[in-house]
file my_file-v6.pdb (PDB, C-alpha atoms)
ATOM      1  CA  MET A  61      12.896  39.715 -26.197
ATOM      2  CA  SER A  62      14.600  40.169 -22.812
ATOM      3  CA  LYS A  63      11.795  38.545 -20.846
ATOM      4  CA  ILE A  64      11.820  34.774 -21.142
ATOM      5  CA  LEU A  65       8.875  33.720 -18.994
ATOM      6  CA  SER A  66       5.599  35.442 -18.187
ATOM      7  CA  VAL A  67       3.855  34.030 -15.112
ATOM      8  CA  ILE A  68       0.153  34.844 -14.823
ATOM      9  CA  ILE A  69      -1.136  34.625 -11.235
ATOM     10  CA  PRO A  70      -4.937  34.884 -11.029
ATOM     11  CA  MET A  71      -5.697  36.130  -7.511
ATOM     12  CA  TYR A  72      -9.018  36.251  -5.696
ATOM     13  CA  ASN A  73      -9.134  36.605  -1.896
ATOM     14  CA  ALA A  74      -5.743  34.925  -1.585
ATOM     15  CA  LYS A  75      -4.282  37.035   1.210
ATOM     16  CA  GLN A  76      -3.084  34.001   3.166
ATOM     17  CA  TYR A  77      -1.347  32.483   0.123
ATOM     18  CA  ILE A  78      -0.017  35.205  -2.159
ATOM     19  CA  THR A  79       3.113  35.987  -0.117
ATOM     20  CA  LYS A  80       4.341  32.386  -0.283
ATOM     21  CA  CYS A  81       3.500  32.268  -3.979
ATOM     22  CA  LEU A  82       5.427  35.437  -4.828
ATOM     23  CA  ASP A  83       8.338  34.647  -2.503
ATOM     24  CA  SER A  84       8.916  31.434  -4.434
ATOM     25  CA  LEU A  85       9.518  33.510  -7.577
ATOM     26  CA  LEU A  86      12.163  35.766  -6.028
ATOM     27  CA  LEU A  87      15.605  34.763  -7.271
ATOM     28  CA  ALA A  88      18.906  36.434  -8.084
ATOM     29  CA  GLU A  89      18.631  39.658 -10.081
ATOM     30  CA  SER A  90      20.165  38.004 -13.150
ATOM     31  CA  VAL A  91      17.259  35.542 -13.202
ATOM     32  CA  MET A  92      14.539  37.960 -12.072
ATOM     33  CA  LYS A  93      15.179  40.249 -15.034
ATOM     34  CA  LYS A  94      14.086  37.391 -17.297
ATOM     35  CA  LEU A  95      10.786  37.003 -15.424
ATOM     36  CA  ASP A  96       7.560  38.860 -16.199
ATOM     37  CA  ILE A  97       5.142  38.235 -13.318
ATOM     38  CA  LEU A  98       1.555  39.449 -13.668
ATOM     39  CA  VAL A  99      -0.603  39.267 -10.548
ATOM     40  CA  VAL A 100      -4.214  39.701 -11.644
ATOM     41  CA  ASN A 101      -6.417  40.890  -8.800
ATOM     42  CA  ASP A 102      -9.838  39.559  -9.775
ATOM     43  CA  GLY A 103     -11.970  41.870  -7.645
ATOM     44  CA  SER A 104     -10.673  40.611  -4.276
ATOM     45  CA  THR A 105     -12.257  41.845  -1.042
ATOM     46  CA  ASP A 106      -9.772  40.542   1.548
ATOM     47  CA  GLY A 107      -6.973  43.046   0.949
ATOM     48  CA  CYS A 108      -4.635  40.657  -0.870
ATOM     49  CA  GLU A 109      -4.051  43.304  -3.534
ATOM     50  CA  ALA A 110      -2.231  45.434  -0.941
ATOM     51  CA  ALA A 111       0.198  42.590  -0.249
ATOM     52  CA  ALA A 112       0.787  42.058  -3.970
ATOM     53  CA  ALA A 113       1.225  45.813  -4.508
ATOM     54  CA  LYS A 114       4.241  45.818  -2.171
ATOM     55  CA  TYR A 115       5.974  43.243  -4.361
ATOM     56  CA  ALA A 116       5.053  45.159  -7.522
ATOM     57  CA  SER A 117       6.561  48.316  -6.034
ATOM     58  CA  ARG A 118       9.757  46.654  -4.842
ATOM     59  CA  TYR A 119      10.295  44.595  -8.011
ATOM     60  CA  ALA A 120       8.816  47.016 -10.522
ATOM     61  CA  GLY A 121      10.908  45.650 -13.379
ATOM     62  CA  CYS A 122       9.444  42.175 -13.197
ATOM     63  CA  ILE A 123       6.248  42.141 -11.074
ATOM     64  CA  ARG A 124       3.081  43.954 -12.096
ATOM     65  CA  LEU A 125      -0.297  44.147 -10.391
ATOM     66  CA  LEU A 126      -3.329  44.264 -12.668
ATOM     67  CA  ASN A 127      -6.701  45.099 -11.088
ATOM     68  CA  LYS A 128     -10.021  44.108 -12.635
ATOM     69  CA  VAL A 129     -13.620  43.407 -11.663
ATOM     70  CA  ASN A 130     -14.405  39.875 -10.579
ATOM     71  CA  GLY A 131     -14.911  37.475 -13.445
ATOM     72  CA  GLY A 132     -13.342  34.205 -12.355
ATOM     73  CA  HIS A 133     -10.089  32.366 -12.981
ATOM     74  CA  GLY A 134     -10.463  32.194 -16.762
ATOM     75  CA  SER A 135     -11.316  35.873 -16.938
ATOM     76  CA  ALA A 136      -8.131  36.758 -15.046
ATOM     77  CA  VAL A 137      -5.977  34.723 -17.445
ATOM     78  CA  ASN A 138      -7.702  36.246 -20.489
ATOM     79  CA  TYR A 139      -7.158  39.725 -19.076
ATOM     80  CA  ALA A 140      -3.435  39.180 -18.533
ATOM     81  CA  VAL A 141      -2.440  37.554 -21.838
ATOM     82  CA  PRO A 142      -2.268  40.809 -23.884
ATOM     83  CA  TYR A 143       0.095  42.271 -21.254
ATOM     84  CA  CYS A 144       2.575  39.377 -21.317
ATOM     85  CA  ARG A 145       6.104  40.313 -22.392
ATOM     86  CA  GLY A 146       7.793  36.926 -22.010
ATOM     87  CA  MET A 147       8.721  34.550 -24.811
ATOM     88  CA  TYR A 148       6.798  31.849 -22.924
ATOM     89  CA  VAL A 149       3.782  32.023 -20.634
ATOM     90  CA  ARG A 150       2.343  29.840 -17.899
ATOM     91  CA  VAL A 151      -0.305  30.144 -15.190
ATOM     92  CA  LEU A 152       0.462  29.861 -11.472
ATOM     93  CA  ASP A 153      -2.504  29.789  -9.110
ATOM     94  CA  ALA A 154      -2.192  32.134  -6.139
ATOM     95  CA  ASP A 155      -2.462  29.311  -3.577
ATOM     96  CA  ASP A 156       0.324  27.318  -5.257
ATOM     97  CA  TRP A 157       4.025  28.083  -5.633
ATOM     98  CA  VAL A 158       7.100  27.130  -7.624
ATOM     99  CA  LEU A 159      10.251  25.253  -6.660
ATOM    100  CA  SER A 160      12.627  28.186  -6.422
ATOM    101  CA  GLU A 161      15.680  25.942  -6.640
ATOM    102  CA  ASN A 162      14.578  24.696 -10.085
ATOM    103  CA  LEU A 163      13.184  27.912 -11.553
ATOM    104  CA  ALA A 164      16.498  29.264 -12.879
ATOM    105  CA  ALA A 165      17.189  25.985 -14.692
ATOM    106  CA  PHE A 166      13.638  26.001 -16.069
ATOM    107  CA  ILE A 167      14.124  29.494 -17.517
ATOM    108  CA  LYS A 168      17.444  28.410 -19.030
ATOM    109  CA  ASP A 169      15.708  25.448 -20.673
ATOM    110  CA  LEU A 170      13.112  27.814 -22.133
ATOM    111  CA  GLU A 171      15.872  30.036 -23.540
ATOM    112  CA  SER A 172      17.226  27.090 -25.509
ATOM    113  CA  ALA A 173      13.832  25.540 -26.315
ATOM    114  CA  GLY A 174      14.110  26.271 -30.035
ATOM    115  CA  ARG A 175      10.657  27.844 -30.334
ATOM    116  CA  ALA A 176       8.742  24.920 -28.882
ATOM    117  CA  ASP A 177       4.985  25.486 -29.121
ATOM    118  CA  LEU A 178       4.401  23.672 -25.859
ATOM    119  CA  VAL A 179       6.651  22.772 -22.938
ATOM    120  CA  LEU A 180       5.792  19.961 -20.515
ATOM    121  CA  SER A 181       7.480  19.829 -17.119
ATOM    122  CA  PRO A 182       7.004  17.618 -14.037
ATOM    123  CA  TYR A 183       5.348  19.049 -10.940
ATOM    124  CA  ARG A 184       4.723  18.119  -7.337
ATOM    125  CA  THR A 185       1.524  17.866  -5.360
ATOM    126  CA  PHE A 186       1.494  18.898  -1.708
ATOM    127  CA  ASP A 187      -1.324  17.599   0.492
ATOM    128  CA  ILE A 188      -1.994  20.162   3.222
ATOM    129  CA  ARG A 189      -3.626  17.497   5.444
ATOM    130  CA  THR A 190      -0.881  14.881   5.407
ATOM    131  CA  LYS A 191       2.048  17.117   4.319
ATOM    132  CA  HIS A 192       2.796  14.434   1.748
ATOM    133  CA  CYS A 193       4.607  15.563  -1.393
ATOM    134  CA  GLN A 194       4.374  13.541  -4.600
ATOM    135  CA  LEU A 195       6.282  13.950  -7.837
ATOM    136  CA  ILE A 196       4.225  13.783 -11.048
ATOM    137  CA  SER A 197       6.511  13.135 -13.994
ATOM    138  CA  ALA A 198       6.509  11.715 -17.522
ATOM    139  CA  GLY A 199       7.601   8.182 -18.274
ATOM    140  CA  GLY A 200       8.307   8.896 -21.918
ATOM    141  CA  ARG A 201      11.281  10.324 -23.751
ATOM    142  CA  GLN A 202      12.498  13.764 -22.775
ATOM    143  CA  GLY A 203      13.590  16.480 -25.169
ATOM    144  CA  MET A 204      11.728  17.633 -28.281
ATOM    145  CA  VAL A 205       8.887  15.367 -29.380
ATOM    146  CA  LYS A 206       6.214  15.599 -32.066
ATOM    147  CA  MET A 207       2.493  15.401 -31.415
ATOM    148  CA  LYS A 208       2.452  11.951 -33.015
ATOM    149  CA  GLU A 209       4.872  10.567 -30.419
ATOM    150  CA  LEU A 210       3.041  12.326 -27.580
ATOM    151  CA  THR A 211      -0.327  10.806 -28.471
ATOM    152  CA  ARG A 212       1.052   7.365 -29.319
ATOM    153  CA  GLN A 213       2.731   7.312 -25.894
ATOM    154  CA  TRP A 214      -0.124   9.085 -24.134
ATOM    155  CA  LYS A 215       0.008   6.935 -21.004
ATOM    156  CA  TYR A 216       3.509   8.264 -20.335
ATOM    157  CA  TYR A 217       2.843  11.943 -21.003
ATOM    158  CA  LYS A 218      -0.788  12.538 -20.065
ATOM    159  CA  GLN A 219      -0.164  13.497 -16.430
ATOM    160  CA  LEU A 220       1.869  16.525 -17.516
ATOM    161  CA  CYS A 221      -0.784  17.810 -19.941
ATOM    162  CA  CYS A 222      -2.519  19.956 -17.348
ATOM    163  CA  LEU A 223      -2.288  23.492 -15.996
ATOM    164  CA  HIS A 224       0.482  22.524 -13.554
ATOM    165  CA  GLY A 225       2.668  20.989 -16.262
ATOM    166  CA  LEU A 226       2.034  23.226 -19.287
ATOM    167  CA  THR A 227       3.963  26.226 -20.557
ATOM    168  CA  TYR A 228       3.095  27.800 -23.917
ATOM    169  CA  ARG A 229       5.149  29.871 -26.295
ATOM    170  CA  THR A 230       3.394  33.216 -25.951
ATOM    171  CA  ASP A 231       2.900  34.029 -29.627
ATOM    172  CA  PHE A 232       1.637  30.474 -30.234
ATOM    173  CA  TYR A 233      -0.897  30.856 -27.422
ATOM    174  CA  ARG A 234      -2.107  34.209 -28.717
ATOM    175  CA  LYS A 235      -2.532  32.979 -32.287
ATOM    176  CA  ARG A 236      -3.971  29.523 -31.642
ATOM    177  CA  SER A 237      -5.988  29.930 -28.466
ATOM    178  CA  LYS A 238      -9.474  31.181 -27.808
ATOM    179  CA  LYS A 239     -10.550  32.981 -24.664
ATOM    180  CA  LEU A 240     -11.017  30.730 -21.651
ATOM    181  CA  PRO A 241     -14.581  30.295 -20.376
ATOM    182  CA  GLU A 242     -15.313  33.001 -17.812
ATOM    183  CA  GLY A 243     -17.397  32.960 -14.648
ATOM    184  CA  VAL A 244     -17.004  29.195 -14.177
ATOM    185  CA  SER A 245     -14.625  26.807 -12.444
ATOM    186  CA  TYR A 246     -12.575  24.133 -14.256
ATOM    187  CA  ASP A 247     -11.456  26.397 -17.098
ATOM    188  CA  ASP A 248      -8.073  24.675 -16.723
ATOM    189  CA  ALA A 249      -9.526  21.758 -18.748
ATOM    190  CA  PHE A 250     -10.007  24.190 -21.638
ATOM    191  CA  TYR A 251      -6.561  25.741 -21.074
ATOM    192  CA  SER A 252      -4.796  22.375 -21.311
ATOM    193  CA  ALA A 253      -6.718  21.289 -24.428
ATOM    194  CA  ILE A 254      -7.026  24.540 -26.413
ATOM    195  CA  PRO A 255      -4.595  25.414 -27.991
ATOM    196  CA  ALA A 256      -2.354  22.514 -26.886
ATOM    197  CA  TYR A 257      -3.904  20.117 -29.410
ATOM    198  CA  GLN A 258      -2.528  22.347 -32.196
ATOM    199  CA  ALA A 259       1.089  22.104 -31.010
ATOM    200  CA  GLU A 260       3.687  20.547 -33.300
ATOM    201  CA  ARG A 261       6.951  21.079 -31.411
ATOM    202  CA  ILE A 262       6.695  19.881 -27.816
ATOM    203  CA  LEU A 263       9.568  20.031 -25.340
ATOM    204  CA  VAL A 264       9.511  17.600 -22.410
ATOM    205  CA  LEU A 265      11.689  18.590 -19.440
ATOM    206  CA  ALA A 266      12.982  16.611 -16.465
ATOM    207  CA  LEU A 267      12.966  19.073 -13.561
ATOM    208  CA  PRO A 268       9.723  19.793 -11.666
ATOM    209  CA  VAL A 269       8.913  23.479 -11.265
ATOM    210  CA  TYR A 270       5.291  23.765 -10.037
ATOM    211  CA  VAL A 271       3.907  22.769  -6.620
ATOM    212  CA  TYR A 272       0.167  22.066  -6.657
ATOM    213  CA  ARG A 273      -1.498  22.425  -3.280
ATOM    214  CA  ILE A 274      -4.244  19.846  -2.653
ATOM    215  CA  GLY A 275      -6.421  18.635   0.209
ATOM    216  CA  ASP A 276      -8.365  21.852   0.844
ATOM    217  CA  GLU A 277     -12.134  21.325   1.052
ATOM    218  CA  HIS A 278     -12.642  24.879  -0.231
ATOM    219  CA  GLN A 279     -10.816  24.181  -3.502
ATOM    220  CA  SER A 280     -12.894  23.765  -6.647
ATOM    221  CA  VAL A 281     -11.443  20.255  -7.013
ATOM    222  CA  SER A 282     -12.820  19.056  -3.659
ATOM    223  CA  LEU A 283     -15.532  16.401  -3.960
ATOM    224  CA  GLN A 284     -18.207  18.669  -2.475
ATOM    225  CA  ASN A 285     -17.463  21.486  -4.887
ATOM    226  CA  ARG A 286     -17.218  19.137  -7.848
ATOM    227  CA  VAL A 287     -20.797  18.039  -7.207
ATOM    228  CA  ARG A 288     -22.050  21.555  -6.535
ATOM    229  CA  ARG A 289     -20.346  22.944  -9.646
ATOM    230  CA  SER A 290     -20.808  19.974 -11.973
ATOM    231  CA  GLU A 291     -22.835  22.053 -14.425
ATOM    232  CA  GLN A 292     -19.870  24.418 -14.727
ATOM    233  CA  LEU A 293     -17.619  21.526 -15.750
ATOM    234  CA  ALA A 294     -20.204  20.483 -18.357
ATOM    235  CA  ALA A 295     -20.197  24.062 -19.685
ATOM    236  CA  VAL A 296     -16.398  24.048 -19.975
ATOM    237  CA  ILE A 297     -16.452  20.729 -21.852
ATOM    238  CA  TRP A 298     -19.075  22.146 -24.203
ATOM    239  CA  ALA A 299     -16.864  25.196 -24.786
ATOM    240  CA  MET A 300     -13.919  22.882 -25.517
ATOM    241  CA  GLN A 301     -15.718  21.046 -28.288
ATOM    242  CA  GLY A 302     -16.972  24.346 -29.684
ATOM    243  CA  ALA A 303     -13.389  25.649 -29.936
ATOM    244  CA  PHE A 304     -12.042  22.482 -31.554
ATOM    245  CA  ASP A 305     -11.309  22.457 -35.292
ATOM    246  CA  THR A 306     -12.384  19.060 -36.640
ATOM    247  CA  ARG A 307     -10.117  19.615 -39.663
ATOM    248  CA  ALA A 308      -7.013  19.223 -37.498
ATOM    249  CA  ALA A 309      -4.484  16.504 -38.310
ATOM    250  CA  ILE A 310      -5.303  13.082 -36.894
ATOM    251  CA  ASP A 311      -2.621  13.149 -34.178
ATOM    252  CA  ASN A 312      -3.727  16.603 -33.070
ATOM    253  CA  GLN A 313      -7.307  15.365 -32.959
ATOM    254  CA  SER A 314      -6.166  12.474 -30.791
ATOM    255  CA  TYR A 315      -4.722  14.872 -28.220
ATOM    256  CA  PHE A 316      -7.942  16.871 -28.085
ATOM    257  CA  TYR A 317     -10.171  13.833 -27.677
ATOM    258  CA  TYR A 318      -7.924  12.350 -24.986
ATOM    259  CA  LYS A 319      -8.398  15.563 -23.007
ATOM    260  CA  ALA A 320     -12.103  15.918 -23.805
ATOM    261  CA  VAL A 321     -12.939  12.316 -22.930
ATOM    262  CA  SER A 322     -11.016  12.629 -19.666
ATOM    263  CA  ALA A 323     -12.966  15.759 -18.726
ATOM    264  CA  ALA A 324     -16.254  14.119 -19.721
ATOM    265  CA  ALA A 325     -15.427  11.038 -17.636
ATOM    266  CA  ASP A 326     -14.758  13.295 -14.653
ATOM    267  CA  TYR A 327     -18.136  14.933 -15.188
ATOM    268  CA  PHE A 328     -20.012  11.611 -15.402
ATOM    269  CA  ILE A 329     -18.176  10.201 -12.367
ATOM    270  CA  THR A 330     -19.170  13.309 -10.427
ATOM    271  CA  VAL A 331     -22.879  13.301 -11.262
ATOM    272  CA  CYS A 332     -23.356   9.516 -11.403
ATOM    273  CA  LEU A 333     -21.207   8.349  -8.461
ATOM    274  CA  ARG A 334     -20.612  11.355  -6.197
ATOM    275  CA  HIS A 335     -23.984  13.063  -6.259
ATOM    276  CA  PRO A 336     -25.812  12.423  -2.945
ATOM    277  CA  LEU A 337     -29.053  11.919  -4.901
ATOM    278  CA  ARG A 338     -28.124   9.360  -7.510
ATOM    279  CA  THR A 339     -31.424   9.532  -9.355
ATOM    280  CA  LYS A 340     -30.975  13.268  -9.778
ATOM    281  CA  GLY A 341     -27.344  12.788 -10.781
ATOM    282  CA  ARG A 342     -28.260  10.264 -13.466
ATOM    283  CA  LYS A 343     -30.900  12.652 -14.787
ATOM    284  CA  MET A 344     -28.242  15.362 -15.111
ATOM    285  CA  ALA A 345     -25.942  12.919 -16.886
ATOM    286  CA  ARG A 346     -28.685  11.823 -19.269
ATOM    287  CA  GLU A 347     -29.724  15.385 -20.158
ATOM    288  CA  THR A 348     -26.121  16.444 -20.766
ATOM    289  CA  ALA A 349     -25.381  13.373 -22.898
ATOM    290  CA  LEU A 350     -28.502  13.946 -25.017
ATOM    291  CA  LYS A 351     -27.496  17.576 -25.571
ATOM    292  CA  TRP A 352     -24.042  16.534 -26.747
ATOM    293  CA  LYS A 353     -25.495  13.791 -28.935
ATOM    294  CA  LYS A 354     -27.910  16.210 -30.612
ATOM    295  CA  HIS A 355     -25.597  19.136 -31.179
ATOM    296  CA  SER A 356     -22.215  17.424 -31.579
ATOM    297  CA  PRO A 357     -22.652  13.788 -32.612
ATOM    298  CA  VAL A 358     -18.949  13.294 -33.430
ATOM    299  CA  PHE A 359     -17.971  14.473 -29.961
ATOM    300  CA  PHE A 360     -20.666  12.267 -28.406
ATOM    301  CA  ARG A 361     -19.337   9.170 -30.177
ATOM    302  CA  HIS A 362     -16.021   9.673 -28.401
ATOM    303  CA  ILE A 363     -17.553   9.941 -24.927
ATOM    304  CA  ARG A 364     -20.508   7.573 -25.358
ATOM    305  CA  ARG A 365     -18.828   4.482 -23.851
ATOM    306  CA  LYS A 366     -17.770   6.407 -20.728
ATOM    307  CA  TYR A 367     -21.294   7.740 -20.301
ATOM    308  CA  VAL A 368     -23.035   4.378 -20.736
ATOM    309  CA  PHE A 369     -20.590   2.561 -18.458
ATOM    310  CA  LEU A 370     -20.711   5.083 -15.605
ATOM    311  CA  TYR A 371     -24.483   5.413 -15.865
ATOM    312  CA  ALA A 372     -24.755   1.620 -15.473
ATOM    313  CA  VAL A 373     -22.359   1.654 -12.496
ATOM    314  CA  SER A 374     -24.624   4.221 -10.837
ATOM    315  CA  VAL A 375     -27.774   2.176 -11.495
ATOM    316  CA  LEU A 376     -26.109  -0.863  -9.895
ATOM    317  CA  GLY A 377     -25.476   1.177  -6.732
ATOM    318  CA  ILE A 378     -21.707   0.718  -6.812
ATOM    319  CA  SER A 379     -19.861   3.244  -4.659
ATOM    320  CA  GLU A 380     -17.132   5.464  -6.034
ATOM    321  CA  LYS A 381     -14.583   3.768  -3.744
ATOM    322  CA  CYS A 382     -15.568   0.308  -4.950
ATOM    323  CA  PHE A 383     -15.514   1.508  -8.539
ATOM    324  CA  TYR A 384     -11.927   2.760  -8.256
ATOM    325  CA  GLU A 385     -10.799  -0.374  -6.420
ATOM    326  CA  CYS A 386     -12.192  -2.508  -9.235
ATOM    327  CA  MET A 387     -10.531  -0.324 -11.889
ATOM    328  CA  MET A 388      -7.183  -0.560 -10.084
ATOM    329  CA  ALA A 389      -7.473  -4.330  -9.740
ATOM    330  CA  LEU A 390      -8.378  -4.669 -13.419
ATOM    331  CA  GLY A 391      -5.451  -2.466 -14.423
ATOM    332  CA  SER A 392      -3.102  -4.575 -12.304
ATOM    333  CA  ARG A 393      -4.308  -7.786 -13.949
ATOM    334  CA  GLN A 394      -3.868  -6.278 -17.403
ATOM    335  CA  ARG A 395      -0.296  -5.200 -16.598
ATOM    336  CA  LYS A 396       0.488  -8.748 -15.460
ATOM    337  CA  GLY A 397      -1.073 -10.192 -18.607
ATOM    338  CA  LEU A 398      -3.783 -12.085 -16.749
TER     339      LEU A 398
END
call {"tool": "encode", "arguments": {"input": "my_file-v6.pdb", "output": "structure tokens"}}
result
Amino acid sequence: MSKILSVIIPMYNAKQYITKCLDSLLLAESVMKKLDILVVNDGSTDGCEAAAAKYASRYAGCIRLLNKVNGGHGSAVNYAVPYCRGMYVRVLDADDWVLSENLAAFIKDLESAGRADLVLSPYRTFDIRTKHCQLISAGGRQGMVKMKELTRQWKYYKQLCCLHGLTYRTDFYRKRSKKLPEGVSYDDAFYSAIPAYQAERILVLALPVYVYRIGDEHQSVSLQNRVRRSEQLAAVIWAMQGAFDTRAAIDNQSYFYYKAVSAAADYFITVCLRHPLRTKGRKMARETALKWKKHSPVFFRHIRRKYVFLYAVSVLGISEKCFYECMMALGSRQRKGL
């Protein structure tokens, strides 16, 4: 296979971002010929498809524009996967970009990856308000690791197990994945859990390649949107547990539940501590927890402690800021052995 890396770029009304995103992928011809870039226009109305079309015309051998009706981020990824020609595949959001200076080395690492199911790489966050850039990297061993080592050393690797740090071997993704939830936000939680929990050969790299843009109040991850779309996150978590095979090996199960519990904690923090009407937020949390308990008791047992704890924090009237300050102080004391 001549193409090493397929990059799926879901695009919806991203006219002000897509040029920077695509420019970051333009390298020397010897590297470009190994790239398979799929820009998926998800029913945009701002004309961004015209900008992307110019790149597809100029770099026809490695950039393609796929047009579809609007269906959301997950729908765009699902639509693109059958068209991927690269040995590996990853998602790049249209308002993010890659570190061009590291991309060639990243592709070279993929060429010699030895059929890794999953590749983890560091990434950077860029806050558009403060212009602050932060490196997110793994503290564990680099190179090829097994799922057992990854889960046993989860605190070192967990930050890379997200959309910004994950690259899948394409045939592994096609065989082991299920379609991402469509028409909702936060499908990246599903993407980083399914099919990643099934991986056996995992390659951990040292160079960052992705730049994740943060600090925009219009992003789905902003606090306001998290509250407004909290039911969508609950739906994604429900889809995650529905796609999980409980017969998986114990270490693979551990990966899944680490991701599922983290997503569930985010949901309960949102509705219990961020919702402007705390009584209403607790009601949402209670109804969701009862649904999970009734229909998936094994899953509920894993998230029960998070639910009970955060519900109690809400009842006590503790603010989200105070909650995090207490958690940080407790973590510091534990690290010092106090």
call {"tool": "resolve_selection", "arguments": {"input": "my_file-v6.pdb", "expression": "the PyMOL selection byres ((chain A and resi 74) around 10)", "output": "list in words"}}
result
Pro70, Met71, Tyr72, Asn73, Lys75, Gln76, Tyr77, Ile78, Thr79, Cys81, Asn101, Ser104, Thr105, Asp106, Gly107, Cys108, Glu109, Ala111, Ala112, Asp153, Ala154 and Asp155 of chain A
call {"tool": "write_last_selection", "arguments": {"input": "my_file-v6.pdb", "atoms": "C-alpha atoms", "output": "compact mmCIF listing (two decimals), in the frame of the given file"}}
result
# COMPACT_ATOMS: atom_id res chain seq x y z
CA PRO A 70 -4.94 34.88 -11.03
CA MET A 71 -5.70 36.13 -7.51
CA TYR A 72 -9.02 36.25 -5.70
CA ASN A 73 -9.13 36.60 -1.90
CA LYS A 75 -4.28 37.03 1.21
CA GLN A 76 -3.08 34.00 3.17
CA TYR A 77 -1.35 32.48 0.12
CA ILE A 78 -0.02 35.20 -2.16
CA THR A 79 3.11 35.99 -0.12
CA CYS A 81 3.50 32.27 -3.98
CA ASN A 101 -6.42 40.89 -8.80
CA SER A 104 -10.67 40.61 -4.28
CA THR A 105 -12.26 41.84 -1.04
CA ASP A 106 -9.77 40.54 1.55
CA GLY A 107 -6.97 43.05 0.95
CA CYS A 108 -4.64 40.66 -0.87
CA GLU A 109 -4.05 43.30 -3.53
CA ALA A 111 0.20 42.59 -0.25
CA ALA A 112 0.79 42.06 -3.97
CA ASP A 153 -2.50 29.79 -9.11
CA ALA A 154 -2.19 32.13 -6.14
CA ASP A 155 -2.46 29.31 -3.58
call {"tool": "resolve_selection", "arguments": {"input": "my_file-v6.pdb", "expression": "the PyMOL selection byres ((chain A and resi 99) around 6)", "output": "list in words"}}
result
Ile69, Leu98, Val100 and Leu125 of chain A
call {"tool": "resolve_selection", "arguments": {"input": "my_file-v6.pdb", "expression": "the PyMOL selection byres ((chain A and resi 91) around 12)", "output": "PyMOL selection string"}}
result
chain A and resi 62-65+85-90+92-96+121-122+160-168+171
call {"tool": "residues_around", "arguments": {"input": "my_file-v6.pdb", "residues": "region 298-315 of chain A", "least_positions_apart": "3", "cutoff": "9 Å", "atoms": "only C-alpha atoms", "output": "number ranges by chain"}}
result
A: 207-212, 214, 237-238, 240-241, 249-250, 253-260, 293-295, 318-320, 352, 356, 359
call {"tool": "residues_around", "arguments": {"input": "my_file-v6.pdb", "residues": "Thr330 (chain A)", "least_positions_apart": "6", "cutoff": "12 Å", "atoms": "all atoms listed in the file", "output": "mmCIF file with C-alpha atoms, keeping the file's coordinate frame"}}
result
data_model
loop_
_atom_site.group_PDB
_atom_site.id
_atom_site.type_symbol
_atom_site.label_atom_id
_atom_site.label_comp_id
_atom_site.auth_asym_id
_atom_site.auth_seq_id
_atom_site.Cartn_x
_atom_site.Cartn_y
_atom_site.Cartn_z
ATOM 1 C CA VAL A 281 -11.443 20.255 -7.013
ATOM 2 C CA SER A 282 -12.820 19.056 -3.659
ATOM 3 C CA LEU A 283 -15.532 16.401 -3.960
ATOM 4 C CA GLN A 284 -18.207 18.669 -2.475
ATOM 5 C CA ASN A 285 -17.463 21.486 -4.887
ATOM 6 C CA ARG A 286 -17.218 19.137 -7.848
ATOM 7 C CA VAL A 287 -20.797 18.039 -7.207
ATOM 8 C CA ARG A 288 -22.050 21.555 -6.535
ATOM 9 C CA ARG A 289 -20.346 22.944 -9.646
ATOM 10 C CA SER A 290 -20.808 19.974 -11.973
ATOM 11 C CA GLU A 291 -22.835 22.053 -14.425
ATOM 12 C CA GLN A 292 -19.870 24.418 -14.727
ATOM 13 C CA LEU A 293 -17.619 21.526 -15.750
ATOM 14 C CA ALA A 294 -20.204 20.483 -18.357
ATOM 15 C CA ALA A 323 -12.966 15.759 -18.726
ATOM 16 C CA ALA A 324 -16.254 14.119 -19.721
ATOM 17 C CA PRO A 336 -25.812 12.423 -2.945
ATOM 18 C CA LEU A 337 -29.053 11.919 -4.901
ATOM 19 C CA ARG A 338 -28.124 9.360 -7.510
ATOM 20 C CA LYS A 340 -30.975 13.268 -9.778
ATOM 21 C CA GLY A 341 -27.344 12.788 -10.781
ATOM 22 C CA ARG A 342 -28.260 10.264 -13.466
ATOM 23 C CA MET A 344 -28.242 15.362 -15.111
ATOM 24 C CA ALA A 345 -25.942 12.919 -16.886
ATOM 25 C CA TYR A 367 -21.294 7.740 -20.301
ATOM 26 C CA LEU A 370 -20.711 5.083 -15.605
ATOM 27 C CA TYR A 371 -24.483 5.413 -15.865
ATOM 28 C CA SER A 374 -24.624 4.221 -10.837
ATOM 29 C CA SER A 379 -19.861 3.244 -4.659
ATOM 30 C CA GLU A 380 -17.132 5.464 -6.034
#
